[in-house]
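**Student:** Data file data33.csv (CSV, N, CA, C and O atoms) is appended below.
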```
chain,number,residue,atom,x,y,z
A,16,MET,N,-15.3,38.5,94.7
A,16,MET,CA,-16.4,39.3,95.3
A,16,MET,C,-17.7,38.9,94.7
A,16,MET,O,-18.7,38.7,95.5
A,17,LEU,N,-17.8,38.8,93.4
A,17,LEU,CA,-19.1,38.4,92.8
A,17,LEU,C,-19.5,37.0,93.1
A,17,LEU,O,-20.7,36.7,93.2
A,18,ILE,N,-18.5,36.1,93.4
A,18,ILE,CA,-18.9,34.8,93.7
A,18,ILE,C,-19.5,34.8,95.1
A,18,ILE,O,-20.5,34.1,95.3
A,19,TYR,N,-18.9,35.5,96.0
A,19,TYR,CA,-19.5,35.6,97.4
A,19,TYR,C,-20.9,36.2,97.3
A,19,TYR,O,-21.9,35.8,98.0
A,20,LEU,N,-21.1,37.3,96.5
A,20,LEU,CA,-22.4,37.9,96.4
A,20,LEU,C,-23.4,37.0,95.7
A,20,LEU,O,-24.6,37.0,96.2
A,21,SER,N,-22.9,36.2,94.8
A,21,SER,CA,-23.8,35.2,94.2
A,21,SER,C,-24.3,34.2,95.2
A,21,SER,O,-25.4,33.8,95.2
A,22,PHE,N,-23.3,33.7,96.0
A,22,PHE,CA,-23.7,32.8,97.0
A,22,PHE,C,-24.7,33.3,98.0
A,22,PHE,O,-25.6,32.7,98.4
A,23,LEU,N,-24.5,34.6,98.4
A,23,LEU,CA,-25.4,35.2,99.4
A,23,LEU,C,-26.8,35.4,98.8
A,23,LEU,O,-27.8,35.3,99.5
A,24,THR,N,-26.8,35.8,97.5
A,24,THR,CA,-28.1,36.0,96.9
A,24,THR,C,-28.8,34.7,96.7
A,24,THR,O,-30.1,34.6,96.8
A,25,ALA,N,-28.1,33.6,96.5
A,25,ALA,CA,-28.8,32.3,96.4
A,25,ALA,C,-29.4,31.9,97.7
A,25,ALA,O,-30.5,31.3,97.8
A,26,ILE,N,-28.6,32.1,98.8
A,26,ILE,CA,-29.2,31.9,100.1
A,26,ILE,C,-30.4,32.8,100.4
A,26,ILE,O,-31.4,32.3,101.0
A,27,GLY,N,-30.3,34.0,100.1
A,27,GLY,CA,-31.4,34.9,100.3
A,27,GLY,C,-32.6,34.5,99.5
A,27,GLY,O,-33.8,34.6,99.9
A,28,LEU,N,-32.4,34.0,98.2
A,28,LEU,CA,-33.5,33.6,97.4
A,28,LEU,C,-34.2,32.3,98.1
A,28,LEU,O,-35.4,32.2,98.1
A,29,TYR,N,-33.4,31.4,98.6
A,29,TYR,CA,-33.9,30.2,99.2
A,29,TYR,C,-34.7,30.6,100.5
A,29,TYR,O,-35.8,30.2,100.7
A,30,LEU,N,-34.1,31.5,101.3
A,30,LEU,CA,-34.8,31.9,102.5
A,30,LEU,C,-36.1,32.7,102.3
A,30,LEU,O,-37.1,32.5,103.0
A,31,CYS,N,-36.1,33.5,101.3
A,31,CYS,CA,-37.3,34.2,100.9
A,31,CYS,C,-38.4,33.3,100.4
A,31,CYS,O,-39.6,33.5,100.7
A,32,SER,N,-38.0,32.3,99.6
A,32,SER,CA,-39.0,31.4,99.1
A,32,SER,C,-39.6,30.4,100.1
A,32,SER,O,-40.7,30.0,100.0
A,33,ILE,N,-38.8,30.2,101.2
A,33,ILE,CA,-39.3,29.2,102.2
A,33,ILE,C,-40.0,29.9,103.4
A,33,ILE,O,-41.0,29.5,103.8
A,34,PHE,N,-39.4,31.0,103.9
A,34,PHE,CA,-39.8,31.5,105.2
A,34,PHE,C,-40.8,32.8,105.1
A,34,PHE,O,-41.5,33.0,106.0
A,35,LEU,N,-40.7,33.5,104.0
A,35,LEU,CA,-41.6,34.7,103.9
A,35,LEU,C,-43.0,34.4,103.6
A,35,LEU,O,-43.3,33.6,102.7
A,36,LYS,N,-43.9,35.0,104.4
A,36,LYS,CA,-45.3,34.8,104.1
A,36,LYS,C,-45.8,36.0,103.3
A,36,LYS,O,-46.4,35.9,102.3
A,37,LYS,N,-45.5,37.2,103.9
A,37,LYS,CA,-45.9,38.5,103.2
A,37,LYS,C,-44.7,39.0,102.4
A,37,LYS,O,-43.6,39.0,102.9
A,38,GLY,N,-44.9,39.4,101.2
A,38,GLY,CA,-43.8,39.9,100.4
A,38,GLY,C,-42.9,38.9,99.8
A,38,GLY,O,-41.8,39.2,99.4
A,39,ARG,N,-43.4,37.7,99.7
A,39,ARG,CA,-42.6,36.6,99.1
A,39,ARG,C,-42.3,36.8,97.7
A,39,ARG,O,-41.2,36.6,97.2
A,40,GLN,N,-43.3,37.3,96.9
A,40,GLN,CA,-43.0,37.6,95.5
A,40,GLN,C,-42.0,38.6,95.3
A,40,GLN,O,-41.1,38.5,94.4
A,41,ILE,N,-42.0,39.7,96.0
A,41,ILE,CA,-41.1,40.8,95.9
A,41,ILE,C,-39.7,40.3,96.3
A,41,ILE,O,-38.7,40.5,95.6
A,42,GLY,N,-39.6,39.6,97.4
A,42,GLY,CA,-38.3,39.1,97.9
A,42,GLY,C,-37.7,38.1,96.9
A,42,GLY,O,-36.5,38.2,96.6
A,43,VAL,N,-38.5,37.2,96.4
A,43,VAL,CA,-38.0,36.2,95.5
A,43,VAL,C,-37.6,36.9,94.2
A,43,VAL,O,-36.5,36.6,93.6
A,44,THR,N,-38.3,37.8,93.7
A,44,THR,CA,-38.0,38.6,92.5
A,44,THR,C,-36.7,39.3,92.6
A,44,THR,O,-35.9,39.3,91.7
A,45,VAL,N,-36.6,40.0,93.7
A,45,VAL,CA,-35.4,40.8,93.9
A,45,VAL,C,-34.1,39.9,94.0
A,45,VAL,O,-33.1,40.2,93.3
A,46,PHE,N,-34.2,38.9,94.8
A,46,PHE,CA,-33.0,38.0,94.9
A,46,PHE,C,-32.8,37.2,93.7
A,46,PHE,O,-31.6,36.9,93.3
A,47,ALA,N,-33.8,36.9,92.9
A,47,ALA,CA,-33.6,36.2,91.6
A,47,ALA,C,-32.9,37.1,90.6
A,47,ALA,O,-32.0,36.6,89.9
A,48,ILE,N,-33.3,38.3,90.6
A,48,ILE,CA,-32.7,39.3,89.6
A,48,ILE,C,-31.2,39.5,90.1
A,48,ILE,O,-30.3,39.5,89.2
A,49,LEU,N,-31.0,39.6,91.3
A,49,LEU,CA,-29.6,39.8,91.8
A,49,LEU,C,-28.7,38.6,91.5
A,49,LEU,O,-27.6,38.7,91.1
A,50,PHE,N,-29.3,37.4,91.7
A,50,PHE,CA,-28.6,36.2,91.4
A,50,PHE,C,-28.2,36.1,89.9
A,50,PHE,O,-27.1,35.7,89.6
A,51,VAL,N,-29.2,36.4,89.1
A,51,VAL,CA,-28.9,36.3,87.6
A,51,VAL,C,-27.9,37.4,87.2
A,51,VAL,O,-27.0,37.1,86.4
A,52,LEU,N,-27.9,38.5,87.8
A,52,LEU,CA,-26.9,39.6,87.5
A,52,LEU,C,-25.5,39.2,88.0
A,52,LEU,O,-24.6,39.4,87.3
A,53,CYS,N,-25.5,38.6,89.2
A,53,CYS,CA,-24.2,38.1,89.7
A,53,CYS,C,-23.6,37.0,88.8
A,53,CYS,O,-22.4,37.0,88.5
A,54,THR,N,-24.4,36.1,88.4
A,54,THR,CA,-24.0,35.0,87.5
A,54,THR,C,-23.5,35.5,86.2
A,54,THR,O,-22.5,35.1,85.7
A,55,ALA,N,-24.3,36.5,85.6
A,55,ALA,CA,-23.8,37.1,84.4
A,55,ALA,C,-22.5,37.9,84.5
A,55,ALA,O,-21.7,37.8,83.7
A,56,GLY,N,-22.4,38.5,85.7
A,56,GLY,CA,-21.1,39.2,85.9
A,56,GLY,C,-19.9,38.3,86.1
A,56,GLY,O,-18.9,38.6,85.5
A,57,VAL,N,-20.1,37.2,86.7
A,57,VAL,CA,-19.0,36.2,86.8
A,57,VAL,C,-18.7,35.6,85.5
A,57,VAL,O,-17.5,35.5,85.1
A,58,THR,N,-19.7,35.3,84.7
A,58,THR,CA,-19.4,34.8,83.3
A,58,THR,C,-18.8,35.8,82.4
A,58,THR,O,-17.8,35.5,81.7
A,59,ALA,N,-19.2,37.1,82.5
A,59,ALA,CA,-18.6,38.1,81.7
A,59,ALA,C,-17.1,38.4,82.1
A,59,ALA,O,-16.3,38.6,81.3
A,60,ASN,N,-16.9,38.3,83.4
A,60,ASN,CA,-15.5,38.5,83.9
A,60,ASN,C,-14.6,37.4,83.5
A,60,ASN,O,-13.5,37.6,83.1
A,61,TYR,N,-15.1,36.2,83.4
A,61,TYR,CA,-14.3,35.1,83.0
A,61,TYR,C,-14.0,35.2,81.5
A,61,TYR,O,-12.9,34.8,81.1
A,62,SER,N,-14.9,35.7,80.7
A,62,SER,CA,-14.7,35.7,79.2
A,62,SER,C,-14.0,37.0,78.8
A,62,SER,O,-13.2,37.0,77.8
A,63,HIS,N,-14.2,38.1,79.5
A,63,HIS,CA,-13.6,39.4,79.0
A,63,HIS,C,-12.4,39.8,79.9
A,63,HIS,O,-11.8,40.9,79.6
A,64,HIS,N,-12.1,39.2,81.0
A,64,HIS,CA,-11.0,39.5,81.9
A,64,HIS,C,-11.0,40.9,82.3
A,64,HIS,O,-10.0,41.7,82.1
A,65,TRP,N,-12.0,41.4,82.9
A,65,TRP,CA,-12.1,42.7,83.4
A,65,TRP,C,-11.1,43.0,84.5
A,65,TRP,O,-10.8,42.1,85.3
A,66,GLY,N,-10.5,44.2,84.5
A,66,GLY,CA,-9.5,44.6,85.4
A,66,GLY,C,-8.1,44.0,85.1
A,66,GLY,O,-7.2,44.3,85.9
A,67,MET,N,-7.9,43.4,84.0
A,67,MET,CA,-6.6,42.9,83.7
A,67,MET,C,-6.2,43.5,82.4
A,67,MET,O,-7.0,43.9,81.5
A,68,LYS,N,-4.9,43.7,82.2
A,68,LYS,CA,-4.4,44.2,81.0
A,68,LYS,C,-3.2,43.4,80.5
A,68,LYS,O,-2.5,42.8,81.4
A,69,LYS,N,-2.9,43.4,79.3
A,69,LYS,CA,-1.8,42.6,78.7
A,69,LYS,C,-0.5,43.4,78.9
A,69,LYS,O,-0.5,44.6,78.5
A,70,VAL,N,0.4,42.8,79.5
A,70,VAL,CA,1.7,43.5,79.8
A,70,VAL,C,2.8,42.6,79.2
A,70,VAL,O,2.9,41.4,79.5
A,71,THR,N,3.7,43.2,78.5
A,71,THR,CA,4.8,42.5,77.9
A,71,THR,C,6.1,43.1,78.5
A,71,THR,O,6.3,44.3,78.5
A,72,THR,N,6.9,42.2,79.1
A,72,THR,CA,8.1,42.6,79.7
A,72,THR,C,9.3,42.0,79.0
A,72,THR,O,9.3,40.8,78.8
A,73,ILE,N,10.2,42.8,78.5
A,73,ILE,CA,11.4,42.4,77.8
A,73,ILE,C,12.6,42.7,78.6
A,73,ILE,O,12.8,43.9,79.0
A,74,THR,N,13.4,41.7,78.8
A,74,THR,CA,14.7,42.0,79.5
A,74,THR,C,15.8,41.5,78.6
A,74,THR,O,15.7,40.5,77.9
A,75,THR,N,16.9,42.2,78.6
A,75,THR,CA,18.1,41.8,77.8
A,75,THR,C,19.2,41.5,78.8
A,75,THR,O,19.5,42.2,79.7
A,76,GLN,N,19.9,40.3,78.6
A,76,GLN,CA,21.0,39.9,79.4
A,76,GLN,C,22.0,39.3,78.5
A,76,GLN,O,21.7,38.5,77.6
A,77,LYS,N,23.2,39.7,78.7
A,77,LYS,CA,24.4,39.1,78.0
A,77,LYS,C,24.7,37.7,78.5
A,77,LYS,O,24.8,37.5,79.7
A,78,ILE,N,24.8,36.8,77.6
A,78,ILE,CA,25.1,35.4,78.0
A,78,ILE,C,26.4,35.0,77.3
A,78,ILE,O,26.9,35.6,76.3
A,79,TYR,N,27.0,34.0,77.9
A,79,TYR,CA,28.3,33.5,77.5
A,79,TYR,C,28.2,32.1,77.1
A,79,TYR,O,27.4,31.3,77.7
A,80,SER,N,29.1,31.6,76.3
A,80,SER,CA,29.2,30.2,75.9
A,80,SER,C,29.5,29.3,77.1
A,80,SER,O,30.4,29.6,77.9
A,81,ALA,N,28.8,28.2,77.2
A,81,ALA,CA,29.1,27.2,78.2
A,81,ALA,C,30.4,26.4,77.9
A,81,ALA,O,30.9,25.8,78.8
A,82,ALA,N,30.9,26.5,76.6
A,82,ALA,CA,32.1,25.8,76.3
A,82,ALA,C,33.4,26.6,76.7
A,82,ALA,O,34.4,26.0,76.7
A,83,GLY,N,33.2,27.8,77.1
A,83,GLY,CA,34.4,28.6,77.5
A,83,GLY,C,34.6,29.8,76.6
A,83,GLY,O,33.9,29.9,75.6
A,84,GLN,N,35.6,30.6,76.9
A,84,GLN,CA,35.8,31.8,76.2
A,84,GLN,C,36.5,31.5,74.8
A,84,GLN,O,36.4,32.3,73.9
A,85,GLN,N,37.2,30.4,74.7
A,85,GLN,CA,37.9,30.1,73.5
A,85,GLN,C,37.0,29.7,72.4
A,85,GLN,O,37.2,29.9,71.2
A,86,LEU,N,35.8,29.1,72.8
A,86,LEU,CA,34.9,28.6,71.8
A,86,LEU,C,33.6,29.3,72.0
A,86,LEU,O,32.7,29.0,72.8
A,87,PRO,N,33.4,30.4,71.2
A,87,PRO,CA,32.1,31.2,71.3
A,87,PRO,C,31.0,30.5,70.6
A,87,PRO,O,30.5,31.0,69.5
A,88,ILE,N,30.5,29.4,71.0
A,88,ILE,CA,29.4,28.6,70.4
A,88,ILE,C,28.3,28.3,71.4
A,88,ILE,O,28.5,28.3,72.6
A,89,ASN,N,27.2,28.1,70.8
A,89,ASN,CA,26.0,27.6,71.7
A,89,ASN,C,26.1,26.1,71.8
A,89,ASN,O,26.2,25.4,70.8
A,90,LEU,N,26.0,25.7,73.0
A,90,LEU,CA,25.9,24.2,73.2
A,90,LEU,C,24.4,23.9,73.5
A,90,LEU,O,23.7,24.6,74.1
A,91,TYR,N,24.0,22.7,72.9
A,91,TYR,CA,22.7,22.3,73.2
A,91,TYR,C,22.7,20.8,73.4
A,91,TYR,O,23.6,20.1,73.0
A,92,GLN,N,21.7,20.3,74.0
A,92,GLN,CA,21.6,18.9,74.3
A,92,GLN,C,20.1,18.5,73.9
A,92,GLN,O,19.2,19.1,74.3
A,93,PRO,N,20.0,17.5,73.0
A,93,PRO,CA,18.7,17.0,72.6
A,93,PRO,C,17.9,16.4,73.8
A,93,PRO,O,18.5,15.7,74.6
A,94,VAL,N,16.6,16.6,73.8
A,94,VAL,CA,15.7,16.1,74.8
A,94,VAL,C,14.8,15.0,74.1
A,94,VAL,O,14.2,15.3,73.1
A,95,GLY,N,14.7,13.9,74.7
A,95,GLY,CA,13.9,12.8,74.1
A,95,GLY,C,14.6,12.1,72.9
A,95,GLY,O,15.8,12.3,72.6
A,96,THR,N,13.8,11.3,72.2
A,96,THR,CA,14.4,10.5,71.1
A,96,THR,C,14.0,11.1,69.7
A,96,THR,O,14.6,10.7,68.8
A,97,SER,N,13.1,12.0,69.7
A,97,SER,CA,12.7,12.6,68.3
A,97,SER,C,13.7,13.6,67.8
A,97,SER,O,13.7,13.8,66.6
A,98,GLY,N,14.4,14.3,68.7
A,98,GLY,CA,15.4,15.3,68.3
A,98,GLY,C,14.7,16.6,67.9
A,98,GLY,O,15.4,17.5,67.4
A,99,LYS,N,13.4,16.8,68.2
A,99,LYS,CA,12.8,18.0,67.9
A,99,LYS,C,13.0,19.1,69.0
A,99,LYS,O,13.0,20.3,68.7
A,100,ASP,N,13.2,18.7,70.2
A,100,ASP,CA,13.4,19.6,71.3
A,100,ASP,C,14.8,19.6,71.8
A,100,ASP,O,15.4,18.6,71.9
A,101,ASN,N,15.3,20.8,72.0
A,101,ASN,CA,16.7,20.9,72.5
A,101,ASN,C,16.8,21.8,73.8
A,101,ASN,O,15.9,22.7,74.0
A,102,VAL,N,17.7,21.5,74.6
A,102,VAL,CA,18.0,22.4,75.8
A,102,VAL,C,19.3,23.1,75.5
A,102,VAL,O,20.4,22.4,75.2
A,103,PHE,N,19.3,24.4,75.6
A,103,PHE,CA,20.5,25.2,75.3
A,103,PHE,C,21.2,25.5,76.6
A,103,PHE,O,20.6,25.8,77.6
A,104,LEU,N,22.5,25.3,76.7
A,104,LEU,CA,23.4,25.6,77.8
A,104,LEU,C,24.1,26.9,77.7
A,104,LEU,O,24.6,27.2,76.6
A,105,TYR,N,24.1,27.7,78.7
A,105,TYR,CA,24.7,29.0,78.7
A,105,TYR,C,25.2,29.4,80.1
A,105,TYR,O,24.8,28.8,81.1
A,106,LYS,N,26.0,30.5,80.1
A,106,LYS,CA,26.5,31.1,81.4
A,106,LYS,C,26.1,32.6,81.4
A,106,LYS,O,26.1,33.2,80.3
A,107,THR,N,25.8,33.1,82.6
A,107,THR,CA,25.5,34.5,82.7
A,107,THR,C,26.7,35.4,83.0
A,107,THR,O,26.6,36.6,82.9
A,108,SER,N,27.8,34.7,83.4
A,108,SER,CA,29.1,35.5,83.6
A,108,SER,C,30.2,34.6,83.1
A,108,SER,O,30.1,33.4,83.0
A,109,VAL,N,31.3,35.2,82.9
A,109,VAL,CA,32.5,34.5,82.4
A,109,VAL,C,33.0,33.5,83.4
A,109,VAL,O,33.4,32.4,83.1
A,110,ASN,N,33.0,33.9,84.7
A,110,ASN,CA,33.5,33.0,85.7
A,110,ASN,C,32.6,32.0,86.3
A,110,ASN,O,32.9,31.3,87.3
A,111,GLN,N,31.4,31.9,85.8
A,111,GLN,CA,30.4,31.0,86.3
A,111,GLN,C,30.9,29.5,86.1
A,111,GLN,O,31.3,29.2,85.0
A,112,LYS,N,30.7,28.7,87.1
A,112,LYS,CA,31.2,27.3,87.1
A,112,LYS,C,30.2,26.4,86.4
A,112,LYS,O,30.5,25.7,85.5
A,113,LYS,N,28.9,26.4,86.9
A,113,LYS,CA,27.9,25.5,86.4
A,113,LYS,C,27.0,26.3,85.4
A,113,LYS,O,26.4,27.3,85.7
A,114,PRO,N,26.9,25.7,84.2
A,114,PRO,CA,26.0,26.4,83.2
A,114,PRO,C,24.6,26.3,83.5
A,114,PRO,O,24.1,25.3,84.1
A,115,LEU,N,23.8,27.3,83.0
A,115,LEU,CA,22.3,27.3,83.2
A,115,LEU,C,21.8,26.6,81.9
A,115,LEU,O,22.4,26.5,80.9
A,116,HIS,N,20.5,26.3,81.9
A,116,HIS,CA,19.8,25.8,80.7
A,116,HIS,C,18.5,26.5,80.5
A,116,HIS,O,17.9,27.1,81.4
A,117,THR,N,18.0,26.4,79.3
A,117,THR,CA,16.7,27.0,79.0
A,117,THR,C,15.6,26.1,79.3
A,117,THR,O,15.7,24.9,79.4
```
Written as structure tokens, how would this file's structure read?
**Tutor:**
Amino acid sequence: MLIYLSFLTAIGLYLCSIFLKKGRQIGVTVFAILFVLCTAGVTANYSHHWGMKKVTTITTQKIYSAAGQQLPINLYQPVGTSGKDNVFLYKTSVNQKKPLHT
């Protein structure tokens, strides 16, 4: 909304400075102040995230070993050549055929 208002005030500022004969100073001053306020509002919204709040959602789900019920272990597969990153394999139900990965 502020971006549209900023765009409209910039157009109004341009039109007042070009076409007005009487009241040019007042029109330019009003639209310049509105443009600066809109630009400050957009900048403040970008830096302070107005209207947003931090939400943390936690869900718990029982997972099962991808190796089967006889082996209750976590399976992982290394990604890349450095060995720093791993992909863990799991199932969300005992009867699931294809394991999921993280």
**Student:** List every residue of stretch 65-102 of chain A that DSSP, applied to the backbone of this structure, places in strand (DSSP E), and write the result as a list in words.
**Tutor:**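 Output for stretch 65-102 of chain A, strand (DSSP E) only: Tyr79, Ser80, Leu90, Tyr91, Gln92, Pro93, Val94, Asp100, Asn101 and Val102 of chain A.
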**Student:** Mind pulling up the distance from atom C of A:Ala82 to atom O of A:His116?
**Tutor:**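 So the answer is 16.2 Å.
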**Student:** Determine, counting only C-alpha atoms, every residue of protein, DNA or RNA that lies within 12 Å of (-17.1, 36.6, 93.6) in the file coordinates, then give the result as a list in words.
**Tutor:**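 With a cut-off of 12 Å, the residues come to Met16, Leu17, Ile18, Tyr19, Leu20, Ser21, Phe22, Leu23, Thr24, Phe50, Leu52, Cys53, Thr54, Ala55, Gly56, Val57, Thr58, Asn60 and Tyr61 of chain A.
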**Student:** Excluding stretch 91-104 of chain A and any residue of its chain fewer than 4 positions from it, enumerate the residues within 4.5 Å of it, using all atoms listed in the file, and give them as a list in words.
**Tutor:**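 Listed by chain and then number, they are Ala81, Leu115, His116 and Thr117 of chain A.
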**Student:** Take atom CA of A:Arg39 and atom CA of A:Val51 and report the distance between them in Å, one decimal.
**Tutor:**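 Separation of atom CA of A:Arg39 and atom CA of A:Val51: 17.9 Å.
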**Student:** In Å to one decimal, how far is atom O of A:Pro114 from atom O of A:Leu90?
**Tutor:** 10.0 Å
**Student:** Measuring atom to atom with only N, CA, C and O atoms, identify which of A:Gly27, A:Val109, A:Val43, A:Lys37 is nearest to A:Lys77.
**Tutor:**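 Residue with the minimum atom-to-atom distance to A:Lys77: A:Val109.
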**Student:** Which of chain A counts as alpha helix (DSSP H) under DSSP, as a ChimeraX atom specification please?
**Tutor:** /A:17-34,39-63
**Student:** Can you find the residues with an atom no farther than 7 Å from (-40.3, 36.8, 98.8), counting all atoms listed in the file, and report them as number ranges by chain?
**Tutor:** A: 27-28, 30-32, 35-44
